[in-house]
file model10.tsv (TSV, C-alpha atoms and all ligand atoms)
chain	number	residue	atom	x	y	z
A	919	MET	CA	103.77	147.97	80.92
A	920	ASN	CA	105.14	151.43	81.66
A	921	VAL	CA	108.61	151.43	83.22
A	922	ALA	CA	109.99	154.61	84.80
A	923	VAL	CA	113.74	154.93	85.25
A	924	LEU	CA	115.48	157.41	87.54
A	925	GLY	CA	118.41	158.34	85.35
A	926	GLY	CA	118.71	158.32	81.58
A	927	GLY	CA	122.29	157.14	81.10
A	928	GLN	CA	123.60	154.22	79.11
A	929	LEU	CA	122.22	151.68	81.55
A	930	ALA	CA	118.72	153.10	81.14
A	931	ARG	CA	119.26	153.10	77.40
A	932	MET	CA	120.20	149.42	77.35
A	933	MET	CA	117.22	148.64	79.60
A	934	ALA	CA	114.92	150.25	77.04
A	935	LEU	CA	116.61	148.37	74.21
A	936	ALA	CA	115.95	145.10	76.10
A	937	GLY	CA	112.45	145.94	77.34
A	938	THR	CA	110.92	147.23	74.12
A	939	PRO	CA	110.60	143.72	72.60
A	940	LEU	CA	108.83	142.64	75.82
A	941	GLY	CA	106.16	145.24	75.06
A	942	MET	CA	107.36	147.73	77.66
A	943	SER	CA	107.38	151.52	77.33
A	944	PHE	CA	109.90	153.72	79.10
A	945	ALA	CA	110.16	157.13	80.72
A	946	PHE	CA	113.38	158.57	82.10
A	947	LEU	CA	113.92	161.25	84.69
A	948	ASP	CA	117.16	163.05	83.89
A	949	PRO	CA	118.05	166.75	83.89
A	950	ALA	CA	120.53	166.35	81.01
A	951	PRO	CA	119.01	167.40	77.66
A	952	ASP	CA	121.19	164.86	75.84
A	953	ALA	CA	120.63	161.92	78.21
A	954	PRO	CA	121.61	158.74	76.28
A	955	ALA	CA	118.23	157.07	76.92
A	956	GLY	CA	116.22	160.16	76.01
A	957	SER	CA	115.37	159.10	72.47
A	958	LEU	CA	114.05	155.70	73.58
A	959	GLY	CA	111.06	156.86	75.58
A	960	ARG	CA	109.54	159.82	77.40
A	961	HIS	CA	112.22	162.11	78.75
A	962	VAL	CA	111.19	164.03	81.86
A	963	ARG	CA	113.80	166.75	82.10
A	964	ALA	CA	113.97	167.49	85.80
A	965	GLY	CA	116.38	167.00	88.69
A	966	PHE	CA	116.46	163.74	90.61
A	967	GLU	CA	114.84	165.39	93.62
A	968	ASP	CA	112.28	167.41	91.68
A	969	PRO	CA	108.88	166.58	93.23
A	970	GLU	CA	106.92	167.44	90.08
A	971	GLY	CA	109.17	165.35	87.89
A	972	LEU	CA	108.96	162.42	90.31
A	973	ASP	CA	105.19	162.70	90.58
A	974	ALA	CA	104.78	162.90	86.78
A	975	LEU	CA	106.83	159.75	86.47
A	976	GLY	CA	104.90	158.00	89.24
A	977	ALA	CA	101.52	158.90	87.69
A	978	TRP	CA	102.56	157.39	84.35
A	979	ALA	CA	104.46	154.30	85.47
A	980	ASP	CA	103.42	150.77	86.43
A	981	VAL	CA	106.82	150.14	87.97
A	982	ALA	CA	109.93	152.23	88.62
A	983	THR	CA	113.67	151.54	88.86
A	984	TRP	CA	116.96	153.45	88.54
A	985	ASP	CA	120.15	153.30	86.52
A	986	PHE	CA	122.71	154.79	88.94
A	987	GLU	CA	123.26	154.13	92.61
A	988	ASN	CA	123.57	157.71	93.79
A	989	VAL	CA	119.84	158.23	93.24
A	990	PRO	CA	118.56	160.10	96.30
A	991	ALA	CA	116.95	157.39	98.43
A	992	ALA	CA	114.22	159.91	99.34
A	993	SER	CA	113.29	160.17	95.64
A	994	ALA	CA	112.95	156.40	95.35
A	995	GLN	CA	110.82	156.42	98.49
A	996	ARG	CA	108.61	159.22	97.17
A	997	LEU	CA	108.03	157.22	93.98
A	998	ALA	CA	107.35	154.10	96.07
A	999	GLN	CA	104.28	155.82	97.51
A	1000	GLN	CA	102.75	155.89	94.02
A	1001	VAL	CA	104.11	152.87	92.26
A	1002	PRO	CA	106.12	149.70	93.01
A	1003	VAL	CA	109.84	150.51	93.01
A	1004	CYS	CA	112.38	147.75	92.32
A	1005	PRO	CA	114.96	147.10	93.63
A	1006	PRO	CA	113.82	148.04	97.16
A	1007	PRO	CA	114.91	151.61	98.04
A	1008	ARG	CA	116.55	150.17	101.16
A	1009	SER	CA	119.26	148.69	98.90
A	1010	LEU	CA	120.23	152.25	97.92
A	1011	GLU	CA	120.57	153.32	101.55
A	1012	VAL	CA	122.90	150.39	102.20
A	1013	SER	CA	125.07	150.71	99.09
A	1014	GLN	CA	125.41	154.50	99.22
A	1015	ASP	CA	127.42	154.49	102.43
A	1016	ARG	CA	130.56	152.37	102.45
A	1017	VAL	CA	130.45	151.84	106.21
A	1018	VAL	CA	126.78	150.79	106.25
A	1019	GLU	CA	127.51	148.59	103.22
A	1020	LYS	CA	130.42	146.79	104.87
A	1021	GLU	CA	128.48	146.34	108.11
A	1022	PHE	CA	125.61	144.89	106.09
A	1023	LEU	CA	127.93	142.46	104.30
A	1024	ARG	CA	129.62	141.45	107.53
A	1025	SER	CA	126.26	140.88	109.23
A	1026	LEU	CA	125.56	138.29	106.52
A	1027	GLY	CA	128.85	136.50	107.18
A	1028	ILE	CA	130.37	137.80	103.93
A	1029	PRO	CA	134.08	138.58	104.40
A	1030	VAL	CA	135.17	142.19	103.77
A	1031	PRO	CA	138.56	143.88	104.18
A	1032	ALA	CA	139.25	145.17	107.72
A	1033	PHE	CA	137.82	148.69	107.95
A	1034	ALA	CA	137.26	151.59	110.32
A	1035	ALA	CA	135.18	154.75	109.99
A	1036	VAL	CA	137.07	158.06	109.85
A	1037	ASP	CA	135.29	161.27	110.80
A	1038	SER	CA	137.94	163.18	112.77
A	1039	ASP	CA	141.74	163.44	113.10
A	1040	GLU	CA	141.49	161.30	116.19
A	1041	ALA	CA	139.44	158.65	114.37
A	1042	LEU	CA	141.99	158.67	111.54
A	1043	ARG	CA	144.81	157.95	113.99
A	1044	ALA	CA	142.78	155.22	115.67
A	1045	ALA	CA	141.89	153.70	112.28
A	1046	LEU	CA	145.56	153.69	111.22
A	1047	ALA	CA	146.53	151.99	114.47
A	1048	ALA	CA	143.86	149.34	113.94
A	1049	ILE	CA	144.17	148.76	110.17
A	1050	GLY	CA	147.81	149.65	109.48
A	1051	THR	CA	149.29	150.27	106.03
A	1052	PRO	CA	149.08	149.87	103.12
A	1053	SER	CA	145.45	150.82	103.26
A	1054	VAL	CA	142.91	152.73	101.22
A	1055	LEU	CA	141.02	155.79	102.45
A	1056	LYS	CA	137.65	156.22	100.71
A	1057	THR	CA	134.85	158.70	101.18
A	1058	ARG	CA	131.80	156.98	102.62
A	1059	ARG	CA	129.48	158.45	99.99
A	1060	PHE	CA	129.50	159.41	96.31
A	1061	GLY	CA	132.59	157.46	95.30
A	1062	TYR	CA	132.55	155.84	91.87
A	1063	ASP	CA	135.04	154.74	89.25
A	1064	GLY	CA	137.87	155.10	91.77
A	1065	LYS	CA	136.97	158.71	92.60
A	1066	GLY	CA	137.09	159.81	96.23
A	1067	GLN	CA	139.80	157.42	97.32
A	1068	ARG	CA	143.51	157.50	98.15
A	1069	LEU	CA	146.06	154.75	98.64
A	1070	ILE	CA	148.00	155.18	101.88
A	1071	ARG	CA	151.37	153.49	101.72
A	1072	THR	CA	152.73	154.76	105.05
A	1073	ALA	CA	151.06	156.36	108.05
A	1074	ALA	CA	152.79	159.65	107.18
A	1075	GLU	CA	150.65	159.93	104.02
A	1076	ALA	CA	147.35	159.62	105.84
A	1077	GLU	CA	146.76	163.23	106.84
A	1078	ASP	CA	147.44	164.54	103.33
A	1079	ALA	CA	145.14	161.89	101.88
A	1080	TRP	CA	142.33	162.86	104.19
A	1081	ARG	CA	142.83	166.55	103.38
A	1082	GLU	CA	142.63	165.70	99.68
A	1083	LEU	CA	139.30	164.05	100.41
A	1084	GLU	CA	138.29	167.38	102.03
A	1085	HIS	CA	137.88	165.73	105.44
A	1086	ARG	CA	134.65	164.16	104.28
A	1087	PRO	CA	133.36	161.25	106.37
A	1088	SER	CA	135.46	158.35	105.15
A	1089	VAL	CA	136.43	154.77	105.75
A	1090	LEU	CA	139.94	153.36	106.02
A	1091	GLU	CA	140.19	149.84	104.69
A	1092	ALA	CA	143.05	147.38	104.53
A	1093	PHE	CA	144.72	147.15	101.14
A	1094	VAL	CA	143.87	143.71	99.75
A	1095	PRO	CA	146.70	141.93	97.90
A	1096	PHE	CA	144.21	140.34	95.55
A	1097	SER	CA	145.17	138.03	92.70
A	1098	ARG	CA	142.30	139.37	90.61
A	1099	GLU	CA	139.00	141.26	90.68
A	1100	LEU	CA	135.78	139.42	89.95
A	1101	SER	CA	132.11	140.27	89.99
A	1102	LEU	CA	128.90	138.36	90.18
A	1103	VAL	CA	125.74	139.70	88.57
A	1104	ALA	CA	122.47	138.05	89.59
A	1105	ALA	CA	118.76	138.70	89.25
A	1106	ARG	CA	116.04	137.87	91.77
A	1107	GLY	CA	112.44	137.60	90.67
A	1108	GLN	CA	109.31	138.49	92.59
A	1109	ASN	CA	108.84	134.81	93.49
A	1110	GLY	CA	112.33	134.68	95.03
A	1111	ALA	CA	113.90	132.71	92.17
A	1112	VAL	CA	117.52	133.69	91.49
A	1113	ALA	CA	119.37	133.62	88.16
A	1114	ALA	CA	123.12	134.08	88.68
A	1115	TYR	CA	125.50	134.74	85.81
A	1116	PRO	CA	128.95	133.16	85.80
A	1117	LEU	CA	131.62	135.04	87.73
A	1118	VAL	CA	133.55	137.39	85.48
A	1119	GLU	CA	137.06	138.80	85.73
A	1120	ASN	CA	137.48	142.57	85.61
A	1121	GLU	CA	140.49	144.75	84.82
A	1122	HIS	CA	140.47	148.37	85.96
A	1123	GLY	CA	142.66	151.29	84.97
A	1124	ASN	CA	142.62	154.49	87.07
A	1125	GLY	CA	139.66	152.99	88.94
A	1126	ILE	CA	137.56	152.65	85.75
A	1127	LEU	CA	136.49	149.26	84.42
A	1128	ARG	CA	138.35	148.61	81.15
A	1129	LEU	CA	137.80	144.97	80.42
A	1130	THR	CA	135.63	142.04	81.50
A	1131	ARG	CA	136.27	138.39	80.63
A	1132	ALA	CA	133.26	136.09	80.91
A	1133	PRO	CA	133.21	133.53	82.36
A	1134	ALA	CA	136.25	134.36	84.49
A	1135	PRO	CA	139.27	132.31	83.35
A	1136	ARG	CA	140.04	129.29	85.55
A	1137	LEU	CA	136.63	129.49	87.14
A	1138	SER	CA	136.09	126.60	89.54
A	1139	ARG	CA	132.71	125.40	90.67
A	1140	ALA	CA	133.69	126.10	94.27
A	1141	LEU	CA	134.46	129.75	93.51
A	1142	GLN	CA	131.18	130.21	91.64
A	1143	ARG	CA	129.31	128.57	94.53
A	1144	GLN	CA	131.02	130.86	97.04
A	1145	ALA	CA	130.02	133.99	95.11
A	1146	GLU	CA	126.46	132.77	94.55
A	1147	ASP	CA	126.18	131.99	98.25
A	1148	TYR	CA	127.22	135.57	99.17
A	1149	VAL	CA	124.86	137.16	96.66
A	1150	GLY	CA	122.02	134.80	97.57
A	1151	ARG	CA	122.24	135.98	101.18
A	1152	MET	CA	122.23	139.63	100.14
A	1153	LEU	CA	119.26	139.23	97.80
A	1154	ALA	CA	117.24	137.38	100.43
A	1155	ARG	CA	118.01	139.85	103.25
A	1156	LEU	CA	117.07	142.84	101.08
A	1157	GLU	CA	113.96	141.05	99.71
A	1158	TYR	CA	115.43	142.16	96.44
A	1159	VAL	CA	113.73	142.26	93.05
A	1160	GLY	CA	115.89	143.01	90.00
A	1161	VAL	CA	119.59	142.76	89.15
A	1162	LEU	CA	122.40	143.29	91.65
A	1163	ALA	CA	126.17	143.18	91.11
A	1164	LEU	CA	128.72	142.26	93.76
A	1165	GLU	CA	132.35	143.22	93.19
A	1166	LEU	CA	134.86	140.86	94.74
A	1167	PHE	CA	138.58	140.47	95.38
A	1168	GLN	CA	140.04	136.99	95.01
A	1169	VAL	CA	142.76	136.10	97.54
A	1170	GLY	CA	143.97	132.51	97.27
A	1171	ASP	CA	140.83	130.41	96.87
A	1172	GLY	CA	138.68	132.85	98.82
A	1173	LEU	CA	136.57	135.87	97.92
A	1174	LEU	CA	136.29	139.17	99.78
A	1175	ALA	CA	133.46	141.56	99.01
A	1176	ASN	CA	134.49	145.05	97.88
A	1177	GLU	CA	131.17	146.72	97.13
A	1178	PHE	CA	127.84	146.09	95.49
A	1179	ALA	CA	125.68	147.98	93.05
A	1180	PRO	CA	121.89	147.64	93.35
A	1181	ARG	CA	121.40	147.84	89.60
A	1182	VAL	CA	122.48	146.48	86.25
A	1183	HIS	CA	126.25	146.73	86.00
A	1184	ASN	CA	129.02	147.49	83.54
A	1185	SER	CA	130.61	144.08	84.22
A	1186	GLY	CA	127.34	142.52	82.98
A	1187	HIS	CA	127.27	144.17	79.55
A	1188	TRP	CA	128.74	141.04	77.96
A	1189	THR	CA	125.44	139.27	78.73
A	1190	ILE	CA	123.72	141.11	75.84
A	1191	GLU	CA	125.37	138.80	73.32
A	1192	GLY	CA	127.23	136.41	75.63
A	1193	ALA	CA	124.47	134.97	77.83
A	1194	ARG	CA	121.15	133.27	77.14
A	1195	THR	CA	119.31	136.23	78.67
A	1196	SER	CA	120.88	139.65	79.12
A	1197	GLN	CA	121.13	141.31	82.53
A	1198	PHE	CA	118.88	144.08	81.21
A	1199	GLU	CA	116.15	141.69	80.14
A	1200	ASN	CA	116.35	139.79	83.42
A	1201	HIS	CA	116.16	143.03	85.39
A	1202	LEU	CA	112.99	143.96	83.54
A	1203	ARG	CA	111.53	140.46	83.77
A	1204	ALA	CA	112.01	140.67	87.54
A	1205	LEU	CA	110.38	144.11	87.75
A	1206	ALA	CA	107.40	142.93	85.72
A	1207	GLY	CA	106.92	139.76	87.76
A	1208	PHE	CA	107.80	137.58	84.76
A	1209	PRO	CA	109.86	134.39	85.08
A	1210	LEU	CA	113.61	134.99	84.79
A	1211	GLY	CA	115.52	133.77	81.75
A	1212	PRO	CA	118.54	131.44	81.89
A	1213	ALA	CA	121.81	133.15	82.82
A	1214	GLU	CA	124.30	130.71	81.29
A	1215	ALA	CA	127.04	131.99	79.00
A	1216	VAL	CA	126.52	130.94	75.40
A	1217	GLU	CA	130.25	131.11	74.60
A	1218	TYR	CA	133.37	132.82	75.91
A	1219	SER	CA	133.15	136.57	75.70
A	1220	ALA	CA	135.03	139.73	76.54
A	1221	MET	CA	133.73	143.26	76.94
A	1222	VAL	CA	135.94	146.28	76.42
A	1223	ASN	CA	134.80	149.74	77.46
A	1224	LEU	CA	135.29	152.61	75.02
A	1225	ILE	CA	136.57	155.41	77.20
A	1226	GLY	CA	137.09	158.99	76.00
A	1227	THR	CA	136.82	158.27	72.28
A	1228	VAL	CA	134.71	156.12	69.98
A	1229	PRO	CA	136.78	154.34	67.33
A	1230	ASP	CA	135.85	153.93	63.68
A	1231	PRO	CA	133.16	151.19	63.73
A	1232	ALA	CA	134.02	149.50	60.40
A	1233	PRO	CA	137.41	147.95	61.36
A	1234	LEU	CA	135.93	146.74	64.65
A	1235	LEU	CA	132.91	145.19	63.02
A	1236	ALA	CA	135.13	143.49	60.44
A	1237	LEU	CA	136.28	141.19	63.24
A	1238	PRO	CA	134.30	137.97	63.63
A	1239	ASP	CA	131.65	138.10	66.33
A	1240	ALA	CA	132.45	141.62	67.51
A	1241	HIS	CA	129.49	143.74	68.63
A	1242	LEU	CA	129.57	147.50	69.08
A	1243	HIS	CA	127.44	149.55	71.46
A	1244	VAL	CA	127.69	153.33	71.27
A	1245	TYR	CA	125.85	155.31	73.93
A	1246	GLY	CA	125.40	158.61	72.09
A	1247	LYS	CA	127.33	160.63	74.67
A	1248	VAL	CA	129.49	163.69	74.07
A	1249	PRO	CA	133.14	162.54	74.18
A	1250	ARG	CA	135.14	163.63	77.20
A	1251	PRO	CA	138.36	162.17	78.62
A	1252	GLY	CA	137.61	159.39	81.07
A	1253	ARG	CA	133.96	159.11	80.00
A	1254	LYS	CA	132.42	155.74	79.14
A	1255	LEU	CA	131.11	156.25	75.60
A	1256	GLY	CA	130.37	152.70	74.54
A	1257	HIS	CA	131.60	149.15	74.67
A	1258	VAL	CA	132.55	146.29	72.39
A	1259	THR	CA	131.80	142.65	73.12
A	1260	VAL	CA	133.58	139.88	71.33
A	1261	LEU	CA	132.74	136.19	71.47
A	1262	GLY	CA	134.67	133.02	70.74
A	1263	SER	CA	133.88	129.34	70.94
A	1264	THR	CA	137.05	128.71	72.99
A	1265	GLU	CA	138.93	130.92	75.43
A	1266	ALA	CA	141.89	130.99	73.04
A	1267	GLU	CA	139.70	132.17	70.17
A	1268	ARG	CA	138.08	134.81	72.37
A	1269	ASP	CA	141.49	136.03	73.57
A	1270	ALA	CA	142.87	136.25	70.04
A	1271	ARG	CA	139.85	138.30	68.95
A	1272	LEU	CA	140.14	140.45	72.05
A	1273	GLU	CA	143.74	141.29	71.11
A	1274	GLU	CA	142.50	142.42	67.70
A	1275	ILE	CA	139.88	144.64	69.31
A	1276	LEU	CA	142.41	146.18	71.67
A	1277	ALA	CA	144.69	146.95	68.74
A	1278	ARG	CA	141.87	148.83	66.97
A	1279	ILE	CA	140.54	151.04	69.75
B	1301	LIG	P1	135.98	150.88	94.51
B	1301	LIG	O1	135.50	152.24	94.12
B	1301	LIG	O2	135.84	150.59	95.96
B	1301	LIG	O3	135.39	149.80	93.65
B	1301	LIG	O4	137.54	150.85	94.17
B	1301	LIG	C1	138.04	151.01	92.86
B	1301	LIG	C2	139.21	150.10	92.60
B	1301	LIG	O5	140.29	150.39	93.53
B	1301	LIG	C3	138.91	148.63	92.83
B	1301	LIG	O6	138.32	148.06	91.70
B	1301	LIG	C4	140.30	148.07	93.13
B	1301	LIG	O7	141.05	147.91	91.94
B	1301	LIG	C5	140.94	149.18	93.94
B	1301	LIG	N1	140.70	148.96	95.38
B	1301	LIG	C6	139.64	149.42	96.08
B	1301	LIG	N2	139.70	149.03	97.38
B	1301	LIG	C7	140.82	148.30	97.50
B	1301	LIG	C8	141.43	147.60	98.59
B	1301	LIG	N3	140.91	147.61	99.82
B	1301	LIG	N4	142.58	146.92	98.34
B	1301	LIG	C9	143.13	146.91	97.10
B	1301	LIG	N5	142.61	147.57	96.05
B	1301	LIG	C10	141.47	148.25	96.22
call {"tool": "encode", "arguments": {"input": "model10.tsv", "output": "structure tokens", "more": "lines below"}}
Ligand code: AMP
result
Amino acid sequence: MNVAVLGGGQLARMMALAGTPLGMSFAFLDPAPDAPAGSLGRHVRAGFEDPEGLDALGAWADVATWDFENVPAASAQRLAQQVPVCPPPRSLEVSQDRVVEKEFLRSLGIPVPAFAAVDSDEALRAALAAIGTPSVLKTRRFGYDGKGQRLIRTAAEAEDAWRELEHRPSVLEAFVPFSRELSLVAARGQNGAVAAYPLVENEHGNGILRLTRAPAPRLSRALQRQAEDYVGRMLARLEYVGVLALELFQVGDGLLANEFAPRVHNSGHWTIEGARTSQFENHLRALAGFPLGPAEAVEYSAMVNLIGTVPDPAPLLALPDAHLHVYGKVPRPGRKLGHVTVLGSTEAERDARLEEILARI
């Protein structure tokens, strides 16, 4: 089976690493000559809106997907005229605009922070009156890893914040005093079956994911059920095929949705060693129409992103049950270059090993 991927980043690379044993071949559309997935399949070096590149991919592929959510929806739709595209391109249209995304979530009865669209000075004032402070102003489109957003502590800061966002169409949302950030990764197959991974706990620094603990510590069945219920509704409404990740804020015993990614997700990287079937394999199984694999955690695991620099592998790999993934990217400050996953048979063992990892990176 020939799988085309829009984007040749680390997520595409890990898809290829998971799909090759299933007998799949890969092609990646990515303008970057050194795209991390490039060496693992055909690399079509063209822009994401390049009609010739898209058509070459479509002519070759049996199925197409993507590895980043800012894929132009029109490109996914163009491919969809030639070849099945999973997840449905509609999921891109929803997730690419924070207002559309929140309205979608709310229409499914999934709680989200109070929000208001901001597209003029007047709308900003009205939004501040409705939402209050502290609040967070975010651009509606093209935000990722905390980029394109400003915390507003008092109303006086709002105008400066909006100027810093270059007066782009934005959304003001209530600041959520969350106790922790969680995410749920789940796959839906072509027959509608869903495989949901355990909720995981995520720590961010400067808006970038640093650390994931899986399963989330102190995970109750009720919390897992709540998250699976939210994601189940989203998957069904979108008639989704593939992996989706929902990022959540926990407040008390409840969960608020922050945003979702219609793709494999950084907070699911632990599943490569830590779950019975990795998120990458389940994404590809779904695309191919194969049955999904079990999503249970095999042990306790933690995933640490390697940001800006890649450490010496030997000391890391000297630790028991530590696994290194290097993406082959040119180092740059703030860039995700790889990750390490460590497992333990108890939470205490996992945490002790995690401390060792953190001391060596
Ligand atoms: P986002 O790009 O929306 O995922 O935001 C990046 C990070 O900023 C989140 O992971 C949170 O740590 C923080 N954040 C975003 N929105 C809010 C909010 N409404 N209240 C509190 N923290 C937030």
call {"tool": "residues_around", "arguments": {"input": "model10.tsv", "residues": "range 1010-1016 of chain A", "least_positions_apart": "5", "cutoff": "8 Å", "atoms": "only C-alpha atoms", "output": "ChimeraX atom specification"}}
result
/A:987-989,991,1022,1057-1060,1089,1177-1180
call {"tool": "closest_residue", "arguments": {"input": "model10.tsv", "among": "A:Leu1261, A:Val1169, A:Leu1224, A:Leu1210", "to": "His1243 in chain A", "atoms": "only C-alpha atoms"}}
result
A:Leu1224
call {"tool": "closest_residue", "arguments": {"input": "model10.tsv", "among": "A:Ala1140, A:Leu1026, A:Met933, A:Val1258", "to": "Leu1156 in chain A", "atoms": "all atoms listed in the file"}}
result
A:Leu1026
call {"tool": "closest_atom_pairs", "arguments": {"input": "model10.tsv", "of": "chain A", "to": "ligand LIG 1301 (chain B)", "cutoff": "9 Å", "atoms": "all atoms listed in the file", "output": "Markdown table"}}
result
| residue | atom | partner | partner_atom | distance |
| --- | --- | --- | --- | --- |
| A:Arg1016 | CA | B:LIG1301 | O2 | 8.6 |
| A:Val1030 | CA | B:LIG1301 | N3 | 8.8 |
| A:Pro1031 | CA | B:LIG1301 | N3 | 6.2 |
| A:Ala1032 | CA | B:LIG1301 | N3 | 8.4 |
| A:Phe1033 | CA | B:LIG1301 | N3 | 8.8 |
| A:Pro1052 | CA | B:LIG1301 | N4 | 8.6 |
| A:Ser1053 | CA | B:LIG1301 | N3 | 6.5 |
| A:Val1054 | CA | B:LIG1301 | N3 | 5.7 |
| A:Leu1055 | CA | B:LIG1301 | N2 | 8.6 |
| A:Lys1056 | CA | B:LIG1301 | O2 | 7.6 |
| A:Gly1061 | CA | B:LIG1301 | O1 | 6.1 |
| A:Tyr1062 | CA | B:LIG1301 | O1 | 5.2 |
| A:Asp1063 | CA | B:LIG1301 | O1 | 5.5 |
| A:Gly1064 | CA | B:LIG1301 | C1 | 4.2 |
| A:Lys1065 | CA | B:LIG1301 | O1 | 6.8 |
| A:Gly1066 | CA | B:LIG1301 | O1 | 8.0 |
| A:Gln1067 | CA | B:LIG1301 | O1 | 7.5 |
| A:Leu1069 | CA | B:LIG1301 | C10 | 8.3 |
| A:Leu1090 | CA | B:LIG1301 | N3 | 8.5 |
| A:Glu1091 | CA | B:LIG1301 | N3 | 5.4 |
| A:Ala1092 | CA | B:LIG1301 | N3 | 5.2 |
| A:Phe1093 | CA | B:LIG1301 | N4 | 3.5 |
| A:Val1094 | CA | B:LIG1301 | N4 | 3.7 |
| A:Pro1095 | CA | B:LIG1301 | C9 | 6.2 |
| A:Phe1096 | CA | B:LIG1301 | C9 | 6.8 |
| A:Arg1098 | CA | B:LIG1301 | O7 | 8.7 |
| A:Glu1099 | CA | B:LIG1301 | O6 | 6.9 |
| A:Asn1120 | CA | B:LIG1301 | O6 | 8.2 |
| A:Glu1121 | CA | B:LIG1301 | O7 | 7.8 |
| A:His1122 | CA | B:LIG1301 | O7 | 6.0 |
| A:Gly1123 | CA | B:LIG1301 | O7 | 7.9 |
| A:Asn1124 | CA | B:LIG1301 | C2 | 7.8 |
| A:Gly1125 | CA | B:LIG1301 | C1 | 4.7 |
| A:Ile1126 | CA | B:LIG1301 | C1 | 7.3 |
| A:Leu1127 | CA | B:LIG1301 | O6 | 7.6 |
| A:Glu1165 | CA | B:LIG1301 | O3 | 7.3 |
| A:Leu1166 | CA | B:LIG1301 | O6 | 8.5 |
| A:Phe1167 | CA | B:LIG1301 | C9 | 8.1 |
| A:Asn1176 | CA | B:LIG1301 | O2 | 6.0 |
| A:Glu1177 | CA | B:LIG1301 | O2 | 6.2 |
| A:Phe1178 | CA | B:LIG1301 | O3 | 8.6 |
call {"tool": "residues_near_point", "arguments": {"input": "model10.tsv", "point": "(113.8, 140.3, 83.7)", "cutoff": "9 Å", "atoms": "all atoms listed in the file", "output": "CSV table (one decimal) with C-alpha atoms, in the coordinates of the input"}}
result
chain,number,residue,atom,x,y,z
A,937,GLY,CA,112.4,145.9,77.3
A,1105,ALA,CA,118.8,138.7,89.2
A,1106,ARG,CA,116.0,137.9,91.8
A,1107,GLY,CA,112.4,137.6,90.7
A,1160,GLY,CA,115.9,143.0,90.0
A,1161,VAL,CA,119.6,142.8,89.2
A,1195,THR,CA,119.3,136.2,78.7
A,1196,SER,CA,120.9,139.6,79.1
A,1197,GLN,CA,121.1,141.3,82.5
A,1198,PHE,CA,118.9,144.1,81.2
A,1199,GLU,CA,116.2,141.7,80.1
A,1200,ASN,CA,116.4,139.8,83.4
A,1201,HIS,CA,116.2,143.0,85.4
A,1202,LEU,CA,113.0,144.0,83.5
A,1203,ARG,CA,111.5,140.5,83.8
A,1204,ALA,CA,112.0,140.7,87.5
A,1205,LEU,CA,110.4,144.1,87.8
A,1206,ALA,CA,107.4,142.9,85.7
A,1207,GLY,CA,106.9,139.8,87.8
A,1208,PHE,CA,107.8,137.6,84.8
A,1209,PRO,CA,109.9,134.4,85.1
A,1210,LEU,CA,113.6,135.0,84.8
A,1211,GLY,CA,115.5,133.8,81.8
call {"tool": "atom_distance", "arguments": {"input": "model10.tsv", "atom1": "CA of Gly1172 in chain A", "atom2": "CA of Pro1116 in chain A"}}
result
16.3 Å
call {"tool": "atom_distance", "arguments": {"input": "model10.tsv", "atom1": "CA of Arg1128 in chain A", "atom2": "CA of Glu1021 in chain A"}}
result
28.8 Å
call {"tool": "atom_distance", "arguments": {"input": "model10.tsv", "atom1": "CA of Leu1164 in chain A", "atom2": "CA of Val1149 in chain A"}}
result
7.0 Å
call {"tool": "residues_around", "arguments": {"input": "model10.tsv", "residues": "Asp1239 in chain A", "least_positions_apart": "2", "cutoff": "8 Å", "atoms": "all atoms listed in the file", "output": "NGL selection string"}}
result
:A and (1235 or 1237 or 1241 or 1260-1262)
call {"tool": "residues_around", "arguments": {"input": "model10.tsv", "residues": "Ala1213 in chain A", "least_positions_apart": "2", "cutoff": "6 Å", "atoms": "all atoms listed in the file", "output": "PyMOL selection string"}}
result
chain A and resi 1113+1115+1193-1195
call {"tool": "decode", "arguments": {"input": "model10.tsv", "residues": "range 1230-1237 of chain A", "atoms": "N, CA and C atoms", "output": "mmCIF file, in the first residue's frame"}}
result
data_model
loop_
_atom_site.group_PDB
_atom_site.id
_atom_site.type_symbol
_atom_site.label_atom_id
_atom_site.label_comp_id
_atom_site.auth_asym_id
_atom_site.auth_seq_id
_atom_site.Cartn_x
_atom_site.Cartn_y
_atom_site.Cartn_z
ATOM 1 N N ASP A 1230 24.478 13.515 24.208
ATOM 2 C CA ASP A 1230 25.263 12.324 23.907
ATOM 3 C C ASP A 1230 24.385 11.085 24.161
ATOM 4 N N PRO A 1231 24.198 10.218 23.162
ATOM 5 C CA PRO A 1231 23.287 9.079 23.349
ATOM 6 C C PRO A 1231 23.747 8.082 24.407
ATOM 7 N N ALA A 1232 25.074 7.824 24.511
ATOM 8 C CA ALA A 1232 25.534 6.700 25.339
ATOM 9 C C ALA A 1232 25.075 6.798 26.805
ATOM 10 N N PRO A 1233 25.262 7.946 27.482
ATOM 11 C CA PRO A 1233 24.817 8.009 28.892
ATOM 12 C C PRO A 1233 23.306 7.821 29.036
ATOM 13 N N LEU A 1234 22.555 8.292 28.041
ATOM 14 C CA LEU A 1234 21.099 8.122 28.106
ATOM 15 C C LEU A 1234 20.731 6.648 27.973
ATOM 16 N N LEU A 1235 21.376 5.997 27.016
ATOM 17 C CA LEU A 1235 21.018 4.611 26.732
ATOM 18 C C LEU A 1235 21.581 3.657 27.776
ATOM 19 N N ALA A 1236 22.448 4.170 28.645
ATOM 20 C CA ALA A 1236 22.948 3.348 29.752
ATOM 21 C C ALA A 1236 21.870 3.175 30.821
ATOM 22 N N LEU A 1237 20.854 4.019 30.782
ATOM 23 C CA LEU A 1237 19.775 3.911 31.771
ATOM 24 C C LEU A 1237 18.835 2.779 31.384
#
